[in-house]
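To be precise, the following lines are data_10.cif, and they hold mmCIF, C-alpha atoms.
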```
data_my_file
loop_
_atom_site.group_PDB
_atom_site.id
_atom_site.type_symbol
_atom_site.label_atom_id
_atom_site.label_comp_id
_atom_site.auth_asym_id
_atom_site.auth_seq_id
_atom_site.Cartn_x
_atom_site.Cartn_y
_atom_site.Cartn_z
ATOM 1 C CA MET A 12 -16.741 -34.197 73.296
ATOM 2 C CA SER A 13 -18.067 -36.054 70.246
ATOM 3 C CA THR A 14 -17.237 -38.575 67.549
ATOM 4 C CA LEU A 15 -16.639 -37.517 63.944
ATOM 5 C CA VAL A 16 -16.765 -39.843 60.953
ATOM 6 C CA CYS A 17 -15.046 -38.518 57.815
ATOM 7 C CA PHE A 18 -16.044 -40.262 54.607
ATOM 8 C CA GLY A 19 -13.034 -39.564 52.392
ATOM 9 C CA LEU A 20 -9.876 -38.272 54.034
ATOM 10 C CA GLY A 21 -8.864 -36.094 51.113
ATOM 11 C CA TYR A 22 -7.100 -32.753 50.968
ATOM 12 C CA SER A 23 -9.854 -30.652 52.566
ATOM 13 C CA ALA A 24 -10.954 -33.219 55.149
ATOM 14 C CA GLU A 25 -7.389 -33.848 56.299
ATOM 15 C CA HIS A 26 -6.807 -30.132 56.718
ATOM 16 C CA PHE A 27 -9.996 -29.812 58.750
ATOM 17 C CA VAL A 28 -8.956 -32.680 61.017
ATOM 18 C CA GLY A 29 -5.471 -31.221 61.390
ATOM 19 C CA THR A 30 -6.846 -27.818 62.377
ATOM 20 C CA PHE A 31 -9.999 -28.604 64.340
ATOM 21 C CA GLY A 32 -9.610 -32.266 65.249
ATOM 22 C CA ASP A 33 -8.986 -31.499 68.923
ATOM 23 C CA GLY A 34 -12.659 -30.579 69.182
ATOM 24 C CA PHE A 35 -13.593 -34.256 68.878
ATOM 25 C CA GLU A 36 -12.965 -37.060 71.303
ATOM 26 C CA ARG A 37 -12.739 -39.607 68.500
ATOM 27 C CA ILE A 38 -12.232 -39.313 64.741
ATOM 28 C CA VAL A 39 -12.699 -42.129 62.249
ATOM 29 C CA GLY A 40 -11.955 -41.537 58.590
ATOM 30 C CA THR A 41 -12.107 -43.598 55.420
ATOM 31 C CA VAL A 42 -9.505 -43.990 52.688
ATOM 32 C CA ARG A 43 -9.586 -46.133 49.573
ATOM 33 C CA GLY A 44 -6.604 -48.397 50.217
ATOM 34 C CA ALA A 45 -5.040 -50.373 53.062
ATOM 35 C CA GLU A 46 -1.595 -48.858 52.439
ATOM 36 C CA ARG A 47 -2.889 -45.320 52.880
ATOM 37 C CA ALA A 48 -4.768 -46.373 56.013
ATOM 38 C CA ALA A 49 -1.600 -47.864 57.481
ATOM 39 C CA VAL A 50 0.359 -44.667 56.851
ATOM 40 C CA LEU A 51 -2.280 -42.487 58.504
ATOM 41 C CA ASN A 52 -2.675 -44.831 61.456
ATOM 42 C CA ALA A 53 1.085 -44.843 62.012
ATOM 43 C CA HIS A 54 1.399 -41.061 61.894
ATOM 44 C CA LEU A 55 -1.843 -40.070 63.616
ATOM 45 C CA ALA A 56 -2.194 -42.815 66.213
ATOM 46 C CA GLY A 57 -4.435 -41.699 69.060
ATOM 47 C CA ARG A 58 -5.847 -38.800 67.041
ATOM 48 C CA LEU A 59 -7.516 -40.563 64.142
ATOM 49 C CA LYS A 60 -8.399 -44.090 63.071
ATOM 50 C CA ALA A 61 -8.269 -44.645 59.307
ATOM 51 C CA LEU A 62 -10.426 -47.402 57.834
ATOM 52 C CA VAL A 63 -10.736 -48.674 54.280
ATOM 53 C CA PHE A 64 -13.787 -47.914 52.160
ATOM 54 C CA ASN A 65 -13.283 -49.020 48.565
ATOM 55 C CA GLY A 66 -16.301 -47.119 47.298
ATOM 56 C CA THR A 67 -18.659 -50.092 47.179
ATOM 57 C CA SER A 68 -18.377 -52.502 50.123
ATOM 58 C CA ALA A 69 -19.685 -51.515 53.547
ATOM 59 C CA ASN A 70 -16.796 -52.040 55.970
ATOM 60 C CA PRO A 71 -18.243 -53.371 59.278
ATOM 61 C CA ASP A 72 -15.763 -51.255 61.264
ATOM 62 C CA VAL A 73 -17.093 -48.128 59.549
ATOM 63 C CA ILE A 74 -20.669 -49.193 60.337
ATOM 64 C CA ASN A 75 -19.673 -49.581 63.973
ATOM 65 C CA ALA A 76 -18.130 -46.105 64.004
ATOM 66 C CA ILE A 77 -21.294 -44.628 62.461
ATOM 67 C CA GLY A 78 -23.266 -46.035 65.388
ATOM 68 C CA HIS A 79 -21.279 -43.797 67.747
ATOM 69 C CA ALA A 80 -21.007 -40.719 65.525
ATOM 70 C CA ASP A 81 -22.374 -37.297 66.388
ATOM 71 C CA CYS A 82 -21.065 -35.633 63.206
ATOM 72 C CA ALA A 83 -20.255 -36.794 59.687
ATOM 73 C CA LEU A 84 -18.124 -35.085 57.040
ATOM 74 C CA VAL A 85 -18.622 -36.358 53.491
ATOM 75 C CA SER A 86 -16.105 -35.549 50.762
ATOM 76 C CA VAL A 87 -16.439 -38.676 48.604
ATOM 77 C CA PRO A 88 -17.565 -37.666 45.090
ATOM 78 C CA PRO A 89 -20.495 -39.353 43.377
ATOM 79 C CA ASN A 90 -19.920 -41.998 40.739
ATOM 80 C CA GLU A 91 -21.975 -43.311 37.834
ATOM 81 C CA ASN A 92 -24.272 -45.097 40.298
ATOM 82 C CA GLY A 93 -24.916 -42.123 42.579
ATOM 83 C CA ASP A 94 -23.504 -41.331 45.994
ATOM 84 C CA PRO A 95 -21.328 -44.255 47.146
ATOM 85 C CA VAL A 96 -21.496 -43.364 50.838
ATOM 86 C CA LEU A 97 -25.286 -43.411 50.912
ATOM 87 C CA ALA A 98 -25.315 -46.596 48.836
ATOM 88 C CA ALA A 99 -23.014 -48.422 51.246
ATOM 89 C CA PHE A 100 -23.895 -46.834 54.588
ATOM 90 C CA GLY A 101 -27.304 -45.202 54.139
ATOM 91 C CA ASP A 102 -29.088 -47.639 56.461
ATOM 92 C CA ALA A 103 -26.413 -47.339 59.136
ATOM 93 C CA LEU A 104 -26.533 -43.537 58.934
ATOM 94 C CA ALA A 105 -30.333 -43.534 59.122
ATOM 95 C CA HIS A 106 -30.234 -45.606 62.321
ATOM 96 C CA ALA A 107 -27.341 -43.724 63.970
ATOM 97 C CA ARG A 108 -28.949 -42.569 67.219
ATOM 98 C CA HIS A 109 -26.464 -39.812 67.981
ATOM 99 C CA LEU A 110 -25.898 -38.381 64.499
ATOM 100 C CA ARG A 111 -27.182 -34.811 64.378
ATOM 101 C CA THR A 112 -25.038 -32.967 61.831
ATOM 102 C CA ILE A 113 -23.763 -33.914 58.367
ATOM 103 C CA VAL A 114 -21.531 -31.700 56.230
ATOM 104 C CA TYR A 115 -21.363 -32.560 52.541
ATOM 105 C CA LEU A 116 -18.604 -31.042 50.413
ATOM 106 C CA SER A 117 -19.914 -30.192 46.948
ATOM 107 C CA THR A 118 -18.826 -27.747 44.235
ATOM 108 C CA VAL A 119 -19.891 -24.407 42.783
ATOM 109 C CA GLY A 120 -19.908 -26.296 39.477
ATOM 110 C CA VAL A 121 -23.548 -27.189 40.150
ATOM 111 C CA TYR A 122 -24.493 -23.641 39.097
ATOM 112 C CA GLY A 123 -23.270 -24.200 35.549
ATOM 113 C CA ASP A 124 -22.517 -21.317 33.204
ATOM 114 C CA HIS A 125 -23.890 -17.847 33.978
ATOM 115 C CA GLY A 126 -21.874 -15.804 31.527
ATOM 116 C CA GLY A 127 -19.824 -14.156 34.252
ATOM 117 C CA GLU A 128 -22.851 -12.991 36.258
ATOM 118 C CA TRP A 129 -23.032 -13.302 40.042
ATOM 119 C CA VAL A 130 -24.634 -16.372 41.624
ATOM 120 C CA ASP A 131 -25.641 -17.027 45.224
ATOM 121 C CA GLU A 132 -27.377 -19.822 47.081
ATOM 122 C CA THR A 133 -30.777 -18.725 45.767
ATOM 123 C CA THR A 134 -29.638 -19.106 42.141
ATOM 124 C CA PRO A 135 -31.241 -22.216 40.602
ATOM 125 C CA PRO A 136 -28.521 -24.747 39.735
ATOM 126 C CA LYS A 137 -28.165 -25.598 36.059
ATOM 127 C CA PRO A 138 -25.094 -27.836 35.767
ATOM 128 C CA GLY A 139 -23.868 -28.182 32.210
ATOM 129 C CA SER A 140 -21.666 -31.229 32.701
ATOM 130 C CA ALA A 141 -22.408 -34.802 33.714
ATOM 131 C CA ARG A 142 -20.093 -34.316 36.682
ATOM 132 C CA GLY A 143 -22.039 -31.250 37.825
ATOM 133 C CA ARG A 144 -25.364 -33.035 37.433
ATOM 134 C CA ALA A 145 -24.090 -35.952 39.494
ATOM 135 C CA ARG A 146 -23.007 -33.548 42.238
ATOM 136 C CA LEU A 147 -26.402 -31.874 42.302
ATOM 137 C CA ASP A 148 -28.113 -35.261 42.498
ATOM 138 C CA ALA A 149 -25.843 -36.201 45.411
ATOM 139 C CA GLU A 150 -26.630 -32.929 47.219
ATOM 140 C CA ARG A 151 -30.342 -33.633 46.947
ATOM 141 C CA ALA A 152 -29.904 -37.237 48.053
ATOM 142 C CA TRP A 153 -28.139 -36.084 51.219
ATOM 143 C CA GLN A 154 -30.819 -33.467 51.878
ATOM 144 C CA ARG A 155 -33.523 -36.133 51.569
ATOM 145 C CA HIS A 156 -31.547 -38.400 53.865
ATOM 146 C CA GLY A 157 -31.273 -35.647 56.479
ATOM 147 C CA ALA A 158 -34.992 -34.953 56.309
ATOM 148 C CA ARG A 159 -35.783 -38.633 56.864
ATOM 149 C CA CYS A 160 -33.453 -39.188 59.810
ATOM 150 C CA GLY A 161 -33.652 -35.770 61.481
ATOM 151 C CA ALA A 162 -30.045 -34.707 60.886
ATOM 152 C CA ALA A 163 -29.056 -31.207 59.777
ATOM 153 C CA VAL A 164 -27.290 -31.453 56.405
ATOM 154 C CA ALA A 165 -25.065 -28.533 55.419
ATOM 155 C CA ILE A 166 -24.097 -28.466 51.750
ATOM 156 C CA LEU A 167 -20.818 -26.590 51.229
ATOM 157 C CA ARG A 168 -20.266 -25.679 47.580
ATOM 158 C CA LEU A 169 -16.527 -25.191 47.173
ATOM 159 C CA ALA A 170 -14.753 -22.965 44.668
ATOM 160 C CA GLY A 171 -11.311 -23.882 43.262
ATOM 161 C CA ILE A 172 -9.253 -25.224 46.163
ATOM 162 C CA TYR A 173 -5.661 -24.236 46.855
ATOM 163 C CA GLY A 174 -3.314 -24.393 49.834
ATOM 164 C CA PRO A 175 -0.064 -26.029 50.973
ATOM 165 C CA GLY A 176 1.402 -28.167 48.209
ATOM 166 C CA GLN A 177 -1.396 -27.285 45.812
ATOM 167 C CA ASN A 178 -1.074 -23.721 44.568
ATOM 168 C CA ALA A 179 0.274 -21.371 41.894
ATOM 169 C CA LEU A 180 3.701 -21.159 43.582
ATOM 170 C CA VAL A 181 4.125 -24.898 43.114
ATOM 171 C CA GLN A 182 3.059 -24.614 39.481
ATOM 172 C CA ILE A 183 5.616 -21.871 38.810
ATOM 173 C CA LYS A 184 8.399 -23.865 40.461
ATOM 174 C CA GLN A 185 7.567 -26.907 38.370
ATOM 175 C CA GLY A 186 8.306 -24.798 35.316
ATOM 176 C CA ASN A 187 5.428 -25.911 33.121
ATOM 177 C CA ALA A 188 2.766 -23.366 34.073
ATOM 178 C CA ARG A 189 0.906 -21.531 31.317
ATOM 179 C CA ARG A 190 -1.388 -18.536 31.603
ATOM 180 C CA VAL A 191 -4.364 -19.516 29.521
ATOM 181 C CA VAL A 192 -6.115 -16.426 28.196
ATOM 182 C CA LYS A 193 -9.841 -16.482 27.597
ATOM 183 C CA PRO A 194 -11.313 -12.942 27.557
ATOM 184 C CA GLY A 195 -13.983 -12.484 30.209
ATOM 185 C CA GLN A 196 -13.229 -15.748 31.998
ATOM 186 C CA VAL A 197 -13.055 -15.582 35.800
ATOM 187 C CA PHE A 198 -12.845 -18.130 38.592
ATOM 188 C CA ASN A 199 -13.351 -18.004 42.342
ATOM 189 C CA ARG A 200 -10.902 -19.780 44.597
ATOM 190 C CA ILE A 201 -10.791 -20.766 48.254
ATOM 191 C CA HIS A 202 -7.897 -21.543 50.572
ATOM 192 C CA VAL A 203 -8.147 -24.925 52.289
ATOM 193 C CA ALA A 204 -7.802 -23.198 55.681
ATOM 194 C CA ASP A 205 -10.993 -21.266 54.978
ATOM 195 C CA ILE A 206 -12.741 -24.477 53.953
ATOM 196 C CA ALA A 207 -11.758 -25.889 57.348
ATOM 197 C CA GLN A 208 -13.230 -22.808 59.029
ATOM 198 C CA ALA A 209 -16.488 -23.266 57.137
ATOM 199 C CA ILE A 210 -16.760 -26.950 58.071
ATOM 200 C CA ASP A 211 -16.135 -26.130 61.723
ATOM 201 C CA ALA A 212 -18.795 -23.395 61.665
ATOM 202 C CA ALA A 213 -21.336 -25.706 60.011
ATOM 203 C CA PHE A 214 -20.799 -28.321 62.717
ATOM 204 C CA ALA A 215 -20.886 -25.776 65.525
ATOM 205 C CA ARG A 216 -24.117 -24.160 64.302
ATOM 206 C CA LYS A 217 -25.804 -27.420 63.265
ATOM 207 C CA VAL A 218 -27.235 -25.792 60.164
ATOM 208 C CA GLY A 219 -29.143 -27.551 57.406
ATOM 209 C CA ASP A 220 -28.646 -25.267 54.431
ATOM 210 C CA ILE A 221 -26.487 -24.551 51.364
ATOM 211 C CA PHE A 222 -23.431 -22.297 51.491
ATOM 212 C CA ASN A 223 -20.988 -21.089 48.856
ATOM 213 C CA ILE A 224 -17.407 -21.408 50.085
ATOM 214 C CA ALA A 225 -15.519 -18.975 47.876
ATOM 215 C CA ASP A 226 -13.168 -16.008 48.138
ATOM 216 C CA ASP A 227 -14.092 -12.352 47.740
ATOM 217 C CA GLU A 228 -12.598 -11.760 44.308
ATOM 218 C CA PRO A 229 -13.364 -13.787 41.193
ATOM 219 C CA SER A 230 -10.454 -13.112 38.880
ATOM 220 C CA ALA A 231 -8.860 -14.124 35.603
ATOM 221 C CA PRO A 232 -7.298 -17.606 35.624
ATOM 222 C CA GLY A 233 -3.778 -16.348 34.946
ATOM 223 C CA ASP A 234 -3.713 -13.745 37.722
ATOM 224 C CA PRO A 235 -2.582 -16.081 40.541
ATOM 225 C CA LEU A 236 0.215 -17.434 38.331
ATOM 226 C CA ALA A 237 1.466 -13.943 37.532
ATOM 227 C CA PHE A 238 1.330 -13.001 41.214
ATOM 228 C CA ALA A 239 3.116 -16.196 42.258
ATOM 229 C CA ALA A 240 5.873 -15.521 39.727
ATOM 230 C CA GLN A 241 6.274 -12.018 41.124
ATOM 231 C CA LEU A 242 6.641 -13.394 44.665
ATOM 232 C CA LEU A 243 9.293 -15.835 43.460
ATOM 233 C CA GLY A 244 11.144 -13.166 41.505
ATOM 234 C CA ARG A 245 10.561 -14.880 38.187
ATOM 235 C CA ASP A 246 9.087 -13.870 34.881
ATOM 236 C CA PRO A 247 5.407 -14.758 34.547
ATOM 237 C CA PRO A 248 4.704 -17.861 32.476
ATOM 238 C CA PRO A 249 3.808 -17.291 28.837
ATOM 239 C CA GLU A 250 0.274 -16.493 27.798
ATOM 240 C CA VAL A 251 -1.513 -19.090 25.687
ATOM 241 C CA PRO A 252 -4.784 -18.401 23.878
ATOM 242 C CA PHE A 253 -7.606 -20.600 25.120
ATOM 243 C CA GLU A 254 -8.269 -21.915 21.625
ATOM 244 C CA GLU A 255 -4.741 -23.312 21.520
ATOM 245 C CA ALA A 256 -4.755 -24.645 25.088
ATOM 246 C CA ALA A 257 -8.145 -26.322 24.593
ATOM 247 C CA LEU A 258 -6.593 -28.760 22.130
ATOM 248 C CA LEU A 259 -4.534 -30.248 24.966
ATOM 249 C CA LEU A 260 -7.103 -30.154 27.790
ATOM 250 C CA SER A 261 -8.859 -33.246 29.080
ATOM 251 C CA PRO A 262 -12.655 -33.311 28.794
ATOM 252 C CA MET A 263 -12.907 -32.678 32.548
ATOM 253 C CA ALA A 264 -10.536 -29.703 32.447
ATOM 254 C CA LEU A 265 -12.273 -28.334 29.375
ATOM 255 C CA SER A 266 -15.620 -28.405 31.169
ATOM 256 C CA PHE A 267 -14.282 -25.954 33.766
ATOM 257 C CA TRP A 268 -13.423 -23.470 31.043
ATOM 258 C CA GLN A 269 -16.822 -23.719 29.402
ATOM 259 C CA GLU A 270 -18.485 -22.185 32.461
ATOM 260 C CA CYS A 271 -18.067 -18.691 33.875
ATOM 261 C CA ARG A 272 -19.672 -17.191 36.964
ATOM 262 C CA ARG A 273 -18.931 -14.944 39.929
ATOM 263 C CA VAL A 274 -19.780 -16.659 43.221
ATOM 264 C CA SER A 275 -21.111 -14.684 46.163
ATOM 265 C CA ASN A 276 -19.943 -15.724 49.631
ATOM 266 C CA ASP A 277 -22.355 -13.534 51.639
ATOM 267 C CA GLY A 278 -24.031 -16.572 53.222
ATOM 268 C CA LEU A 279 -20.688 -17.932 54.412
ATOM 269 C CA LYS A 280 -20.000 -14.688 56.235
ATOM 270 C CA ARG A 281 -23.492 -13.751 57.385
ATOM 271 C CA GLU A 282 -25.006 -17.111 58.342
ATOM 272 C CA LEU A 283 -21.939 -19.169 59.231
ATOM 273 C CA GLY A 284 -20.090 -16.198 60.726
ATOM 274 C CA VAL A 285 -16.839 -17.011 58.941
ATOM 275 C CA SER A 286 -14.263 -14.261 58.484
ATOM 276 C CA LEU A 287 -11.963 -15.376 55.673
ATOM 277 C CA LEU A 288 -8.317 -15.759 56.558
ATOM 278 C CA TYR A 289 -7.459 -15.339 52.868
ATOM 279 C CA PRO A 290 -10.106 -13.168 51.159
ATOM 280 C CA THR A 291 -8.219 -13.223 47.829
ATOM 281 C CA TYR A 292 -5.496 -15.318 46.219
ATOM 282 C CA ARG A 293 -2.988 -12.568 47.049
ATOM 283 C CA GLU A 294 -3.239 -13.028 50.825
ATOM 284 C CA GLY A 295 -3.240 -16.774 50.391
ATOM 285 C CA LEU A 296 -0.187 -16.900 48.157
ATOM 286 C CA ARG A 297 1.733 -14.408 50.316
ATOM 287 C CA ALA A 298 1.151 -16.654 53.356
ATOM 288 C CA LEU A 299 2.169 -19.772 51.439
ATOM 289 C CA PHE A 300 5.292 -18.007 50.175
ATOM 290 C CA ALA A 301 6.233 -16.903 53.695
ATOM 291 C CA ALA A 302 5.726 -20.453 55.013
ATOM 292 C CA ARG A 303 7.942 -22.137 52.419
#
```

Starting from the file, give its structure as structure tokens.
Amino acid sequence: MSTLVCFGLGYSAEHFVGTFGDGFERIVGTVRGAERAAVLNAHLAGRLKALVFNGTSANPDVINAIGHADCALVSVPPNENGDPVLAAFGDALAHARHLRTIVYLSTVGVYGDHGGEWVDETTPPKPGSARGRARLDAERAWQRHGARCGAAVAILRLAGIYGPGQNALVQIKQGNARRVVKPGQVFNRIHVADIAQAIDAAFARKVGDIFNIADDEPSAPGDPLAFAAQLLGRDPPPEVPFEEAALLLSPMALSFWQECRRVSNDGLKRELGVSLLYPTYREGLRALFAAR
């Protein structure tokens, strides 16, 4: 049995811990605030210890946990100064005697725009946004760190995440969903349960490589909404031309729409041995609908 340190107990990391946490003797995770830590410690006592990491200061309790860690899961995004985990805990991680495997959760956004063509892990990244460039810089920083300290660093590039509480069914029920239409635009998605599978496989195989974590079927952005409406027995939300919707999008949201690519997941299946539970949004949404 081993010790896992999770930097950033967000949506994906929490799901991983909830599904595969029994494989670790001890789990320590970081959150940004004391209130959130108290909630997690009250509900998950004995299974997980939540500690505060505000993104800048190195919490001594986290440093102590790093000293006992065999595995680390990193889902904290970079900021304007680089990767905050490496900035605060890089020395502790470099001197962690037992640490052998690090999994870093990144994004397929590092590939940038490819005009709808297929990309895989051999495709040179060309991020078009500042956020994508920061992610790529963070990936490379973690790879350099792994090379220096002898730890295998698996970079998992995630497609659009959905799952319980965060999916097209929820959007339809909220009543404000719109099907934005941009001819030729496609996105890949990935169910959070399949992200958890990928993380578990990366730890089990102790691989130091890059993997795309995406579904089998890149599809038009409005397709999951139309399918969710069908499951709920409702009319699909209205279609809105992209040119009209773009006027209301935030700069971050707009950057997603300015890039189009089809993401291959062959490495996920072949090298990590993952068989997707939800190969397309249809299987994923059907399961979420049945579990309401």

- Query: Do you know which residues are at most 8 Å from range 208-217 of chain A counting all atoms listed in the file, after dropping those on the same chain fewer than 2 positions away, and could you put them as a PyMOL selection string?
  - Reply: chain A and resi 27+31+82+111-114+163+165+167+204-206+219+224+279+283-285

- Query: Any chance you could work out the residue set of the PyMOL selection byres ((chain A and resi 81) around 12) here, as a VMD selection string?
  - Reply: chain A and resid 12 to 17 35 to 39 76 to 80 82 to 84 104 107 to 114 162 to 163 214 to 215 217

- Task: Neighbourhood query: residues within 9 Å of (-29.4, -42.7, 57.7), file coordinates, counting all atoms listed in the file; return as a ChimeraX atom specification.
- Result: /A:97,100-107,110,156-157,159-162

- Task: Taking the file as shown, find all residues satisfying the PyMOL selection byres ((chain A and resi 245-260) around 10) and write them as a PyMOL selection string.
- Result: chain A and resi 182-184+186-194+233-234+236-244+261-266+268

Take the residues that were just selected and, keeping C-alpha atoms, output them as a PDB file, in the frame of the given file.
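Wrote it out as part.pdb, contents follow:
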```pdb
ATOM      1  CA  GLN A 182       3.059 -24.614  39.481  1.00  0.00           C
ATOM      2  CA  ILE A 183       5.616 -21.871  38.810  1.00  0.00           C
ATOM      3  CA  LYS A 184       8.399 -23.865  40.461  1.00  0.00           C
ATOM      4  CA  GLY A 186       8.306 -24.798  35.316  1.00  0.00           C
ATOM      5  CA  ASN A 187       5.428 -25.911  33.121  1.00  0.00           C
ATOM      6  CA  ALA A 188       2.766 -23.366  34.073  1.00  0.00           C
ATOM      7  CA  ARG A 189       0.906 -21.531  31.317  1.00  0.00           C
ATOM      8  CA  ARG A 190      -1.388 -18.536  31.603  1.00  0.00           C
ATOM      9  CA  VAL A 191      -4.364 -19.516  29.521  1.00  0.00           C
ATOM     10  CA  VAL A 192      -6.115 -16.426  28.196  1.00  0.00           C
ATOM     11  CA  LYS A 193      -9.841 -16.482  27.597  1.00  0.00           C
ATOM     12  CA  PRO A 194     -11.313 -12.942  27.557  1.00  0.00           C
ATOM     13  CA  GLY A 233      -3.778 -16.348  34.946  1.00  0.00           C
ATOM     14  CA  ASP A 234      -3.713 -13.745  37.722  1.00  0.00           C
ATOM     15  CA  LEU A 236       0.215 -17.434  38.331  1.00  0.00           C
ATOM     16  CA  ALA A 237       1.466 -13.943  37.532  1.00  0.00           C
ATOM     17  CA  PHE A 238       1.330 -13.001  41.214  1.00  0.00           C
ATOM     18  CA  ALA A 239       3.116 -16.196  42.258  1.00  0.00           C
ATOM     19  CA  ALA A 240       5.873 -15.521  39.727  1.00  0.00           C
ATOM     20  CA  GLN A 241       6.274 -12.018  41.124  1.00  0.00           C
ATOM     21  CA  LEU A 242       6.641 -13.394  44.665  1.00  0.00           C
ATOM     22  CA  LEU A 243       9.293 -15.835  43.460  1.00  0.00           C
ATOM     23  CA  GLY A 244      11.144 -13.166  41.505  1.00  0.00           C
ATOM     24  CA  SER A 261      -8.859 -33.246  29.080  1.00  0.00           C
ATOM     25  CA  PRO A 262     -12.655 -33.311  28.794  1.00  0.00           C
ATOM     26  CA  MET A 263     -12.907 -32.678  32.548  1.00  0.00           C
ATOM     27  CA  ALA A 264     -10.536 -29.703  32.447  1.00  0.00           C
ATOM     28  CA  LEU A 265     -12.273 -28.334  29.375  1.00  0.00           C
ATOM     29  CA  SER A 266     -15.620 -28.405  31.169  1.00  0.00           C
ATOM     30  CA  TRP A 268     -13.423 -23.470  31.043  1.00  0.00           C
TER      31      TRP A 268
END
```

- Note on the structure: What separates CA of Leu169 in chain A and CA of Leu62 in chain A is a distance of 25.4 Å

- Message: Using Å and a single decimal, report how far CA of Ser23 in chain A sits from CA of Val42 in chain A.
- Response: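 Atom-to-atom, CA of Val42 in chain A and CA of Ser23 in chain A are spaced 13.3 Å apart.
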
- Query: Using all atoms listed in the file, which of the listed residues (A:Gly34, A:Gly93, A:Gly29, A:Gly278) sits closest to Leu55 in chain A?
  - Reply: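 The closest residue to Leu55 in chain A is A:Gly29.
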
- Residues returned when the PyMOL selection byres ((chain A and resi 231) around 8) runs on this file, as a ChimeraX atom specification: /A:195-198,229-230,232-234

Please, could you write that set of residues out with C-alpha atoms as a CSV table (one decimal), in the frame of the given file?
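Okay, this is what ended up in part07.csv:
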```csv
chain,number,residue,atom,x,y,z
A,195,GLY,CA,-14.0,-12.5,30.2
A,196,GLN,CA,-13.2,-15.7,32.0
A,197,VAL,CA,-13.1,-15.6,35.8
A,198,PHE,CA,-12.8,-18.1,38.6
A,229,PRO,CA,-13.4,-13.8,41.2
A,230,SER,CA,-10.5,-13.1,38.9
A,232,PRO,CA,-7.3,-17.6,35.6
A,233,GLY,CA,-3.8,-16.3,34.9
A,234,ASP,CA,-3.7,-13.7,37.7
```

- Message: For a quick check of understanding, using all atoms listed in the file, which of A:Ala170, A:Val50, A:Ala61, A:Leu20 has the smallest distance to Phe267 in chain A?
- Response: A:Ala170

- Item | Contacts of Arg281 in chain A at 12 Å (all atoms listed in the file; same-chain gap of 4+ positions) as a list in words | Ala209, Ala212, Phe222, Asn223, Ser275, Asn276, Asp277, Val285, Ser286 and Leu287 of chain A

- Work out how far apart CA of Phe18 in chain A and CA of Val85 in chain A are and give it in Å to one decimal.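 Separating CA of Phe18 in chain A from CA of Val85 in chain A is a distance of 4.8 Å.
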